[in-house]
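Asks: Provided below: final-v1.txt, containing compact mmCIF, C-alpha atoms.
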# COMPACT_ATOMS: atom_id res chain seq x y z
CA MET J 1 -6.52 -21.20 77.88
CA LYS J 2 -8.17 -17.81 78.18
CA LYS J 3 -8.97 -17.77 74.45
CA ILE J 4 -10.38 -21.30 74.60
CA TRP J 5 -12.54 -20.34 77.59
CA GLN J 6 -13.94 -17.33 75.74
CA GLN J 7 -14.90 -19.57 72.80
CA TYR J 8 -16.58 -22.24 74.89
CA LYS J 9 -17.84 -20.12 77.77
CA ALA J 10 -21.44 -19.71 76.61
CA SER J 11 -21.91 -23.42 75.87
CA VAL J 12 -20.14 -24.53 79.05
CA LEU J 13 -22.25 -22.25 81.23
CA LEU J 14 -25.49 -23.34 79.55
CA ILE J 15 -24.66 -27.03 79.89
CA GLY J 16 -23.45 -26.42 83.45
CA GLY J 17 -26.75 -24.75 84.31
CA LEU J 18 -28.69 -27.69 82.88
CA VAL J 19 -26.54 -30.23 84.74
CA LEU J 20 -26.95 -28.42 88.07
CA GLY J 21 -30.67 -28.00 87.42
CA GLY J 22 -31.04 -31.69 86.60
CA ILE J 23 -29.16 -32.70 89.75
CA GLY J 24 -31.31 -30.33 91.81
CA GLY J 25 -34.48 -31.78 90.32
CA VAL J 26 -33.41 -35.35 91.10
CA VAL J 27 -32.28 -34.52 94.65
CA PHE J 28 -35.16 -32.28 95.74
CA GLY J 29 -37.97 -33.80 93.68
CA GLU J 30 -41.17 -31.74 93.54
CA LYS J 31 -39.66 -29.21 95.95
CA ALA J 32 -37.49 -28.06 93.02
CA THR J 33 -40.56 -26.48 91.40
CA VAL J 34 -40.05 -23.54 93.78
CA VAL J 35 -37.43 -22.19 91.33
CA GLN J 36 -39.73 -22.38 88.29
CA PRO J 37 -40.50 -18.61 88.40
CA LEU J 38 -36.79 -17.98 87.75
CA GLY J 39 -37.10 -20.14 84.66
CA ASP J 40 -40.30 -18.40 83.61
CA LEU J 41 -38.50 -15.07 83.90
CA PHE J 42 -35.99 -16.12 81.24
CA LEU J 43 -38.72 -17.43 78.95
CA ASN J 44 -40.77 -14.26 79.31
CA LEU J 45 -37.77 -12.12 78.41
CA MET J 46 -37.17 -14.18 75.28
CA PHE J 47 -40.86 -14.22 74.31
CA VAL J 48 -41.19 -10.44 74.64
CA MET J 49 -38.29 -9.70 72.30
CA LEU J 50 -39.08 -12.45 69.81
CA VAL J 51 -41.29 -10.43 67.45
CA PRO J 52 -38.89 -7.49 66.93
CA LEU J 53 -35.92 -9.88 66.75
CA VAL J 54 -37.46 -11.92 63.94
CA PHE J 55 -38.65 -8.88 62.03
CA PHE J 56 -35.39 -6.91 62.11
CA SER J 57 -33.08 -9.88 61.54
CA ILE J 58 -34.91 -11.16 58.44
CA SER J 59 -35.87 -7.83 56.89
CA SER J 60 -32.41 -6.30 57.38
CA ALA J 61 -30.66 -9.33 55.86
CA ILE J 62 -32.80 -9.21 52.72
CA ALA J 63 -32.79 -5.41 52.46
CA ASN J 64 -28.98 -5.39 52.25
CA MET J 65 -28.63 -8.13 49.65
CA SER J 66 -28.38 -5.72 46.74
CA GLY J 67 -24.77 -4.89 47.57
CA MET J 68 -23.50 -8.50 47.46
CA LYS J 69 -23.00 -8.59 43.65
CA ARG J 70 -24.65 -11.95 43.14
CA LEU J 71 -25.00 -13.12 39.59
CA GLY J 72 -28.33 -14.60 38.59
CA LYS J 73 -26.80 -17.94 37.64
CA ILE J 74 -24.89 -18.17 40.91
CA MET J 75 -27.98 -17.33 42.95
CA GLY J 76 -30.12 -19.84 41.08
CA SER J 77 -27.52 -22.56 41.54
CA THR J 78 -27.09 -21.64 45.19
CA PHE J 79 -30.82 -21.94 45.84
CA PHE J 80 -30.93 -25.31 44.07
CA VAL J 81 -27.98 -26.69 46.08
CA PHE J 82 -29.21 -25.31 49.41
CA PHE J 83 -32.67 -26.76 48.84
CA GLY J 84 -31.36 -30.14 47.71
CA THR J 85 -28.85 -30.70 50.52
CA ALA J 86 -31.27 -29.47 53.20
CA LEU J 87 -33.90 -31.87 51.87
CA VAL J 88 -31.40 -34.74 52.05
CA ALA J 89 -30.53 -33.75 55.65
CA ALA J 90 -34.22 -33.72 56.59
CA ILE J 91 -34.77 -37.17 55.09
CA VAL J 92 -31.71 -38.58 56.86
CA GLY J 93 -32.90 -37.08 60.15
CA TYR J 94 -36.39 -38.48 59.62
CA ILE J 95 -35.07 -41.99 58.99
CA GLY J 96 -32.96 -41.67 62.14
CA VAL J 97 -35.86 -40.73 64.45
CA VAL J 98 -38.10 -43.43 62.97
CA LEU J 99 -35.47 -46.13 63.54
CA PHE J 100 -34.31 -44.82 66.93
CA ASN J 101 -37.22 -43.36 68.94
CA PRO J 102 -35.79 -40.39 70.92
CA ILE J 103 -38.53 -40.39 73.59
CA HIS J 104 -38.40 -44.07 74.49
CA GLY J 105 -38.82 -44.45 78.26
CA ILE J 106 -40.31 -40.99 78.88
CA ASP J 107 -43.53 -40.69 80.87
CA VAL J 108 -45.26 -38.78 78.07
CA GLU J 109 -48.54 -38.37 79.92
CA SER J 110 -46.84 -36.54 82.76
CA VAL J 111 -45.00 -34.30 80.32
CA LYS J 112 -48.27 -33.44 78.56
CA ILE J 113 -49.90 -32.55 81.87
CA LEU J 114 -46.98 -30.27 82.74
CA MET J 115 -47.02 -28.44 79.41
CA GLY J 116 -50.76 -28.43 78.78
CA ALA J 117 -52.72 -29.96 75.92
CA PRO J 118 -52.06 -28.64 72.41
CA GLU J 119 -54.66 -26.30 71.07
CA THR J 120 -56.32 -27.99 68.12
CA GLY J 121 -59.79 -28.33 66.71
CA ALA J 122 -60.57 -25.09 64.86
CA ALA J 123 -57.65 -25.48 62.51
CA GLU J 124 -58.68 -29.05 61.67
CA LYS J 125 -62.08 -27.85 60.42
CA MET J 126 -60.51 -25.49 57.89
CA GLY J 127 -60.20 -26.29 54.21
CA PHE J 128 -56.75 -26.76 52.71
CA LEU J 129 -56.57 -23.37 50.97
CA GLU J 130 -58.00 -21.56 53.97
CA ARG J 131 -55.41 -23.17 56.20
CA ILE J 132 -52.62 -22.01 53.89
CA VAL J 133 -53.95 -18.44 53.92
CA ASN J 134 -54.22 -18.40 57.71
CA THR J 135 -50.79 -19.97 58.09
CA LEU J 136 -49.03 -17.36 55.95
CA THR J 137 -51.05 -14.18 56.60
CA VAL J 138 -53.13 -12.32 59.19
CA SER J 139 -56.07 -10.00 58.67
CA ASP J 140 -54.69 -6.99 60.58
CA PHE J 141 -51.24 -5.55 61.28
CA HIS J 142 -51.49 -5.73 65.07
CA LEU J 143 -51.87 -9.51 64.84
CA LEU J 144 -48.26 -9.67 63.62
CA LEU J 145 -47.16 -8.39 67.03
CA SER J 146 -47.82 -11.76 68.63
CA LYS J 147 -45.50 -14.71 69.09
CA SER J 148 -48.43 -16.92 68.08
CA ASN J 149 -48.12 -15.71 64.46
CA MET J 150 -44.43 -16.29 63.79
CA LEU J 151 -44.73 -17.69 60.28
CA GLN J 152 -46.95 -14.80 59.23
CA LEU J 153 -44.40 -12.38 60.69
CA ILE J 154 -41.62 -14.06 58.70
CA VAL J 155 -43.59 -13.62 55.47
CA PHE J 156 -44.17 -9.94 56.28
CA SER J 157 -40.48 -9.46 57.16
CA ILE J 158 -39.41 -10.96 53.82
CA LEU J 159 -41.76 -8.61 51.95
CA VAL J 160 -40.39 -5.59 53.82
CA GLY J 161 -36.82 -6.65 53.07
CA VAL J 162 -37.48 -7.26 49.38
CA SER J 163 -39.38 -3.97 49.00
CA THR J 164 -36.58 -2.06 50.72
CA SER J 165 -33.97 -3.63 48.45
CA MET J 166 -36.01 -2.93 45.30
CA ALA J 167 -36.46 0.72 46.32
CA LYS J 168 -32.66 1.17 45.87
CA GLU J 169 -31.56 4.72 46.82
CA ALA J 170 -34.93 5.61 48.31
CA GLY J 171 -34.82 2.50 50.47
CA ALA J 172 -31.23 2.97 51.64
CA PRO J 173 -32.18 4.90 54.83
CA VAL J 174 -34.72 2.21 55.70
CA ALA J 175 -32.13 -0.53 55.12
CA LYS J 176 -29.72 1.30 57.41
CA LEU J 177 -32.42 1.66 60.06
CA LEU J 178 -33.28 -2.05 59.84
CA THR J 179 -29.60 -2.98 60.15
CA SER J 180 -29.11 -0.73 63.17
CA ALA J 181 -32.25 -2.07 64.83
CA ASN J 182 -31.08 -5.63 64.18
CA GLU J 183 -27.75 -4.88 65.88
CA VAL J 184 -29.62 -3.54 68.89
CA MET J 185 -31.77 -6.67 69.09
CA MET J 186 -28.70 -8.92 68.81
CA LYS J 187 -27.11 -7.01 71.67
CA MET J 188 -30.31 -7.46 73.65
CA VAL J 189 -30.12 -11.21 73.00
CA SER J 190 -26.55 -11.31 74.29
CA ILE J 191 -27.60 -9.46 77.46
CA ILE J 192 -30.50 -11.83 78.14
CA MET J 193 -28.30 -14.86 77.42
CA TYR J 194 -26.17 -13.95 80.44
CA TYR J 195 -29.16 -15.09 82.48
CA ALA J 196 -29.79 -18.20 80.33
CA PRO J 197 -27.74 -20.67 82.44
CA ILE J 198 -29.73 -19.68 85.53
CA GLY J 199 -33.10 -19.46 83.77
CA LEU J 200 -32.85 -22.73 81.83
CA GLY J 201 -31.21 -24.45 84.81
CA CYS J 202 -34.14 -23.49 87.05
CA TYR J 203 -36.67 -24.56 84.45
CA PHE J 204 -34.89 -27.89 83.98
CA ALA J 205 -34.80 -28.42 87.76
CA SER J 206 -38.55 -27.85 87.87
CA VAL J 207 -39.17 -30.26 84.98
CA ILE J 208 -37.02 -33.00 86.51
CA GLY J 209 -38.53 -32.38 89.92
CA SER J 210 -42.04 -32.72 88.51
CA LEU J 211 -41.47 -35.62 86.13
CA GLY J 212 -38.62 -37.52 87.70
CA SER J 213 -35.39 -38.59 86.04
CA LYS J 214 -37.14 -40.55 83.24
CA ILE J 215 -37.15 -37.53 80.94
CA LEU J 216 -33.35 -37.44 81.12
CA GLY J 217 -33.31 -40.69 79.16
CA GLY J 218 -35.07 -38.98 76.27
CA TYR J 219 -32.46 -36.22 76.13
CA ALA J 220 -29.62 -38.74 76.35
CA ARG J 221 -31.12 -40.78 73.51
CA SER J 222 -31.61 -37.61 71.47
CA LEU J 223 -27.96 -36.60 71.91
CA ILE J 224 -26.68 -40.08 71.04
CA LEU J 225 -28.90 -40.25 67.97
CA TYR J 226 -27.81 -36.80 66.83
CA ILE J 227 -24.11 -37.61 67.23
CA ILE J 228 -24.53 -40.82 65.22
CA ILE J 229 -26.31 -38.94 62.43
CA THR J 230 -23.67 -36.19 62.53
CA ILE J 231 -20.77 -38.62 62.11
CA PHE J 232 -22.54 -40.46 59.29
CA TYR J 233 -23.59 -37.29 57.46
CA TYR J 234 -20.21 -35.59 57.93
CA ILE J 235 -18.23 -38.51 56.54
CA PHE J 236 -20.55 -40.02 53.93
CA PHE J 237 -22.69 -37.21 52.53
CA PHE J 238 -20.04 -34.50 52.53
CA SER J 239 -17.75 -36.92 50.68
CA LEU J 240 -20.61 -37.67 48.28
CA TYR J 241 -21.22 -33.97 47.62
CA ALA J 242 -17.50 -33.42 47.02
CA PHE J 243 -17.46 -36.39 44.62
CA ILE J 244 -20.47 -35.07 42.71
CA ALA J 245 -18.77 -31.69 42.47
CA GLY J 246 -15.30 -32.82 41.41
CA GLY J 247 -14.98 -36.60 41.29
CA LYS J 248 -12.14 -38.31 43.14
CA ASP J 249 -10.08 -35.12 43.05
CA GLY J 250 -13.00 -33.30 44.65
CA VAL J 251 -13.03 -35.73 47.57
CA LYS J 252 -9.26 -35.45 47.99
CA ILE J 253 -9.13 -31.66 47.93
CA TYR J 254 -12.14 -31.43 50.25
CA TRP J 255 -10.68 -33.63 52.99
CA ARG J 256 -7.29 -32.00 52.59
CA ASN J 257 -8.77 -28.62 53.51
CA ILE J 258 -11.77 -29.26 55.77
CA ALA J 259 -9.93 -29.78 59.08
CA THR J 260 -9.48 -26.10 59.97
CA PRO J 261 -13.08 -25.05 59.11
CA SER J 262 -14.39 -28.04 61.10
CA ILE J 263 -12.27 -27.27 64.15
CA THR J 264 -13.33 -23.62 63.98
CA ALA J 265 -17.00 -24.65 63.91
CA ILE J 266 -16.55 -26.90 66.94
CA ALA J 267 -14.61 -24.22 68.81
CA THR J 268 -16.93 -21.29 68.16
CA CYS J 269 -20.39 -22.94 67.90
CA SER J 270 -21.23 -20.18 65.43
CA SER J 271 -21.76 -20.40 61.67
CA ALA J 272 -21.24 -16.65 61.43
CA ALA J 273 -17.86 -16.85 63.17
CA CYS J 274 -16.78 -19.50 60.64
CA ILE J 275 -17.38 -17.30 57.59
CA PRO J 276 -13.78 -15.96 57.26
CA VAL J 277 -12.23 -19.44 57.61
CA ASN J 278 -14.76 -21.03 55.26
CA LEU J 279 -14.08 -18.33 52.67
CA GLU J 280 -10.34 -18.96 52.83
CA TYR J 281 -10.50 -22.74 52.64
CA SER J 282 -13.32 -23.02 50.10
CA LYS J 283 -11.08 -21.04 47.74
CA LYS J 284 -8.31 -23.56 48.47
CA MET J 285 -10.80 -26.24 47.38
CA GLY J 286 -11.00 -24.56 43.97
CA VAL J 287 -14.14 -22.49 44.50
CA THR J 288 -13.98 -19.17 42.63
CA SER J 289 -13.94 -15.95 44.66
CA ASP J 290 -17.31 -14.64 43.50
CA ILE J 291 -19.05 -17.96 44.24
CA ALA J 292 -17.35 -18.34 47.63
CA GLU J 293 -18.21 -14.77 48.63
CA THR J 294 -21.86 -15.40 47.73
CA VAL J 295 -22.45 -18.96 48.96
CA ILE J 296 -20.53 -18.85 52.26
CA PRO J 297 -22.11 -15.72 53.82
CA LEU J 298 -25.57 -16.62 52.51
CA GLY J 299 -25.16 -20.20 53.70
CA ALA J 300 -24.23 -19.06 57.21
CA ASN J 301 -27.71 -17.57 57.49
CA THR J 302 -29.93 -19.85 55.42
CA HIS J 303 -28.18 -23.19 54.77
CA LYS J 304 -27.94 -25.37 57.86
CA ASP J 305 -27.96 -29.11 57.38
CA GLY J 306 -27.28 -29.63 61.09
CA SER J 307 -30.19 -27.41 62.11
CA VAL J 308 -32.47 -29.28 59.70
CA VAL J 309 -31.56 -32.62 61.30
CA GLY J 310 -32.02 -31.00 64.71
CA GLY J 311 -35.40 -29.69 63.60
CA VAL J 312 -36.52 -33.21 62.72
CA LEU J 313 -35.34 -34.40 66.14
CA LYS J 314 -37.25 -31.67 67.99
CA ILE J 315 -40.44 -32.18 65.99
CA ALA J 316 -40.24 -35.96 66.49
CA PHE J 317 -39.68 -35.40 70.22
CA LEU J 318 -42.90 -33.39 70.49
CA PHE J 319 -44.78 -35.73 68.18
CA GLY J 320 -43.94 -38.56 70.54
CA ILE J 321 -44.94 -36.61 73.65
CA PHE J 322 -48.30 -35.59 72.22
CA GLY J 323 -49.05 -39.00 70.72
CA LYS J 324 -48.90 -38.04 67.05
CA ASP J 325 -48.01 -40.75 64.54
CA LEU J 326 -44.69 -39.92 62.90
CA THR J 327 -44.88 -42.61 60.21
CA THR J 328 -47.95 -41.58 58.18
CA PRO J 329 -47.27 -40.06 54.73
CA SER J 330 -48.72 -36.69 55.75
CA ALA J 331 -46.66 -36.63 58.96
CA MET J 332 -43.52 -37.53 57.03
CA VAL J 333 -44.03 -34.67 54.58
CA SER J 334 -44.93 -32.14 57.30
CA VAL J 335 -41.95 -33.10 59.48
CA ILE J 336 -39.48 -32.91 56.58
CA LEU J 337 -40.83 -29.57 55.32
CA GLY J 338 -41.07 -28.21 58.87
CA ALA J 339 -37.45 -29.13 59.55
CA PHE J 340 -36.41 -27.57 56.24
CA LEU J 341 -38.08 -24.31 57.28
CA VAL J 342 -36.41 -24.49 60.69
CA GLY J 343 -33.00 -24.67 59.02
CA ALA J 344 -33.80 -21.60 56.92
CA VAL J 345 -34.82 -19.36 59.84
CA MET J 346 -32.19 -20.38 62.38
CA GLY J 347 -29.96 -17.46 63.39
CA ALA J 348 -26.24 -17.80 62.60
CA ILE J 349 -25.22 -17.07 66.20
CA PRO J 350 -24.71 -19.27 69.26
CA GLY J 351 -28.06 -20.02 70.88
CA GLY J 352 -29.91 -18.68 67.82
CA GLY J 353 -32.50 -21.45 67.82
CA MET J 354 -35.24 -19.73 69.85
CA ILE J 355 -36.88 -18.54 66.64
CA ALA J 356 -36.88 -22.08 65.31
CA GLU J 357 -38.43 -23.47 68.49
CA MET J 358 -41.22 -20.91 68.35
CA LEU J 359 -41.80 -21.75 64.70
CA ILE J 360 -42.10 -25.47 65.46
CA VAL J 361 -44.72 -25.09 68.19
CA ASN J 362 -46.62 -22.51 66.13
CA VAL J 363 -46.77 -24.47 62.87
CA PHE J 364 -47.58 -27.82 64.47
CA GLY J 365 -50.03 -26.48 67.05
CA PHE J 366 -48.12 -27.46 70.18
CA PRO J 367 -48.53 -25.38 73.37
CA LEU J 368 -46.00 -22.60 73.98
CA GLU J 369 -44.96 -24.42 77.16
CA ALA J 370 -43.27 -26.96 74.88
CA VAL J 371 -40.66 -24.40 73.77
CA PRO J 372 -38.21 -24.84 76.67
CA VAL J 373 -38.44 -28.63 76.31
CA ILE J 374 -36.90 -28.45 72.83
CA VAL J 375 -34.65 -25.50 73.72
CA ILE J 376 -32.80 -28.00 75.91
CA ILE J 377 -32.31 -30.23 72.85
CA SER J 378 -30.89 -27.25 70.95
CA THR J 379 -28.41 -26.67 73.76
CA ILE J 380 -27.08 -30.21 73.97
CA ILE J 381 -26.69 -30.64 70.17
CA ASP J 382 -25.26 -27.16 69.53
CA ILE J 383 -21.65 -28.24 68.86
CA PRO J 384 -22.30 -31.09 66.37
CA ALA J 385 -25.08 -29.05 64.72
CA THR J 386 -22.69 -26.16 64.08
CA LEU J 387 -20.18 -28.61 62.60
CA LEU J 388 -22.71 -29.77 60.00
CA ASN J 389 -24.08 -26.27 59.43
CA SER J 390 -20.71 -24.68 58.78
CA SER J 391 -18.86 -27.49 56.99
CA GLY J 392 -21.87 -28.06 54.77
CA ASN J 393 -21.39 -24.61 53.27
CA THR J 394 -18.00 -25.58 51.83
CA THR J 395 -19.40 -28.59 49.97
CA ALA J 396 -22.33 -26.43 48.85
CA ALA J 397 -19.84 -23.93 47.39
CA MET J 398 -18.12 -26.78 45.52
CA LEU J 399 -21.44 -27.97 44.09
CA VAL J 400 -22.39 -24.45 42.98
CA THR J 401 -18.99 -24.08 41.30
CA ARG J 402 -19.59 -27.35 39.45
CA ILE J 403 -22.93 -26.06 38.14
CA VAL J 404 -21.71 -22.58 37.21
CA GLU J 405 -18.21 -23.35 35.90
CA GLY J 406 -18.85 -26.75 34.31
CA LYS J 407 -17.57 -30.27 34.91
CA ASN J 408 -13.90 -29.40 34.33
CA TRP J 409 -13.76 -26.63 36.97
CA LEU J 410 -11.56 -28.57 39.39
CA LYS J 411 -9.23 -29.93 36.70
CA ASP J 412 -8.66 -26.36 35.49
CA TYR J 413 -8.00 -25.21 39.06
CA LEU J 414 -5.54 -28.01 39.77
CA LYS J 415 -3.80 -27.41 36.43
CA ASN J 416 -3.31 -23.75 37.27
CA GLU J 417 -2.06 -24.69 40.75
CA THR J 418 0.67 -26.89 39.31
CA VAL J 419 1.80 -24.32 36.75
Give the structure from the file, written as structure tokens.

Replies:
Amino acid sequence: MKKIWQQYKASVLLIGGLVLGGIGGVVFGEKATVVQPLGDLFLNLMFVMLVPLVFFSISSAIANMSGMKRLGKIMGSTFFVFFGTALVAAIVGYIGVVLFNPIHGIDVESVKILMGAPETGAAEKMGFLERIVNTLTVSDFHLLLSKSNMLQLIVFSILVGVSTSMAKEAGAPVAKLLTSANEVMMKMVSIIMYYAPIGLGCYFASVIGSLGSKILGGYARSLILYIIITIFYYIFFFSLYAFIAGGKDGVKIYWRNIATPSITAIATCSSAACIPVNLEYSKKMGVTSDIAETVIPLGANTHKDGSVVGGVLKIAFLFGIFGKDLTTPSAMVSVILGAFLVGAVMGAIPGGGMIAEMLIVNVFGFPLEAVPVIVIISTIIDIPATLLNSSGNTTAAMLVTRIVEGKNWLKDYLKNETV
């Protein structure tokens, strides 16, 4: 029981804080807004550390890639599979939110008043190329030190990581420094997250107190929708990927070995914590050691089908609140690509979605006050999202093996197993 509590403690406390906050908001009404400063305290702590967290986590991960012994063919196949499956997840999520509106019944006008109107206008007057330049870059270094320029910071972090890796021996001290700094920032996150149940609970109490219980319906619909998509994607698409990789035998060997990785994902709510189990069982599925040891760790950080679906849900939630049409061709493309990017930058740790939330509001021009609204969605979908994130890496490893080793890879593996 003690071990189980340690695994679930963070999620239980977060959900408990939200439940108590929601009850307090319903019972006390507008009087509950008195605790909003306690919620703002948590948000301010997260906002302040966001820039160094993003920079060190991304740059350190890329700077240390040179020691992972990835073959060019494996890396190319891995990128192709990650991109393809994430795109499928985004499309499935988009279809889900179009068919089942997650904000039905919410008083959107009251929510908009609470959060403030989105800042638009100047960006709409820009040309297409100018908008791309301004989205990816800034004109001076100090502008990177702002949470309003997250995408630009990510681009800079990638360049620093790549440059450090390419510098080889000369860049080794820098890579070590980036890694150490990243560990410090992760520890800082864990310290702040001790306060998260109180901070988010107080914010939620204030939101419910200000808006009434109607907003709860939107969160309930979002959770139900996400669970339905999770079950469908887990059963149908993972079976499809296994079939594409190895035919009927691929489906059989996948389902024979996926139980333990899936249970581990549900128990830990962490893609990173699932890496050892996924490595063991992907090899039992016939994946070669070098492919497994490349795809699984890389996938834990950059391949997250569950986070992509969650990204679509969060973007659709805000689109609905701010009256944006989700069904236009341009909206469809922007939502799918935005969700794809969200899945790529999500941290492989419990509660690692704050970066993604900041990215969503920054790219789509929503006010920063919208961040905690979708942080709550991240919290309630954390367990099923981790299941898709982690389990999806095993099918991705099978698909990469099929590309690299050829169509008879599984037959050869099963033949050797029987010998």

Asks: Could you work out how far atom CA of Leu144 of chain J lies from atom CA of Leu129 of chain J, giving the answer in Å with one decimal?

Replies: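 Atom-to-atom, atom CA of Leu129 of chain J and atom CA of Leu144 of chain J are spaced 20.4 Å apart.
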
Asks: Do you know which residues are at most 9 Å from Val92 of chain J counting all atoms listed in the file, after dropping those on the same chain fewer than 5 positions away, and could you put them as a PyMOL selection string?

Replies: chain J and resi 87+97+229+233+309

Asks: Any chance you could export the current selection's C-alpha atoms as a PDB file, keeping the file's coordinate frame?

Replies:
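Generated output (part-v3.pdb):
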ATOM      1  CA  LEU J  87     -33.900 -31.870  51.870  1.00  0.00           C
ATOM      2  CA  VAL J  97     -35.860 -40.730  64.450  1.00  0.00           C
ATOM      3  CA  ILE J 229     -26.310 -38.940  62.430  1.00  0.00           C
ATOM      4  CA  TYR J 233     -23.590 -37.290  57.460  1.00  0.00           C
ATOM      5  CA  VAL J 309     -31.560 -32.620  61.300  1.00  0.00           C
TER       6      VAL J 309
END

Asks: Take atom CA of Leu43 of chain J and atom CA of Ser334 of chain J and report the distance between them in Å, one decimal.

Replies: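 So the two atoms, atom CA of Leu43 of chain J and atom CA of Ser334 of chain J, lie 26.9 Å apart.
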
Asks: Ranking J:Ser206, J:Ser165, J:Ser57, J:Thr395 by minimum distance to Met186 of chain J and counting all atoms listed in the file, which one comes first?

Replies: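 For Met186 of chain J, the nearest of the candidates is J:Ser57.
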
Asks: Using only C-alpha atoms, which residue out of J:Ala272, J:Ile158, J:Val27, J:Ala316 lies closest to Gly93 of chain J?

Replies: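 Of the candidates, the smallest distance to Gly93 of chain J is held by J:Ala316.
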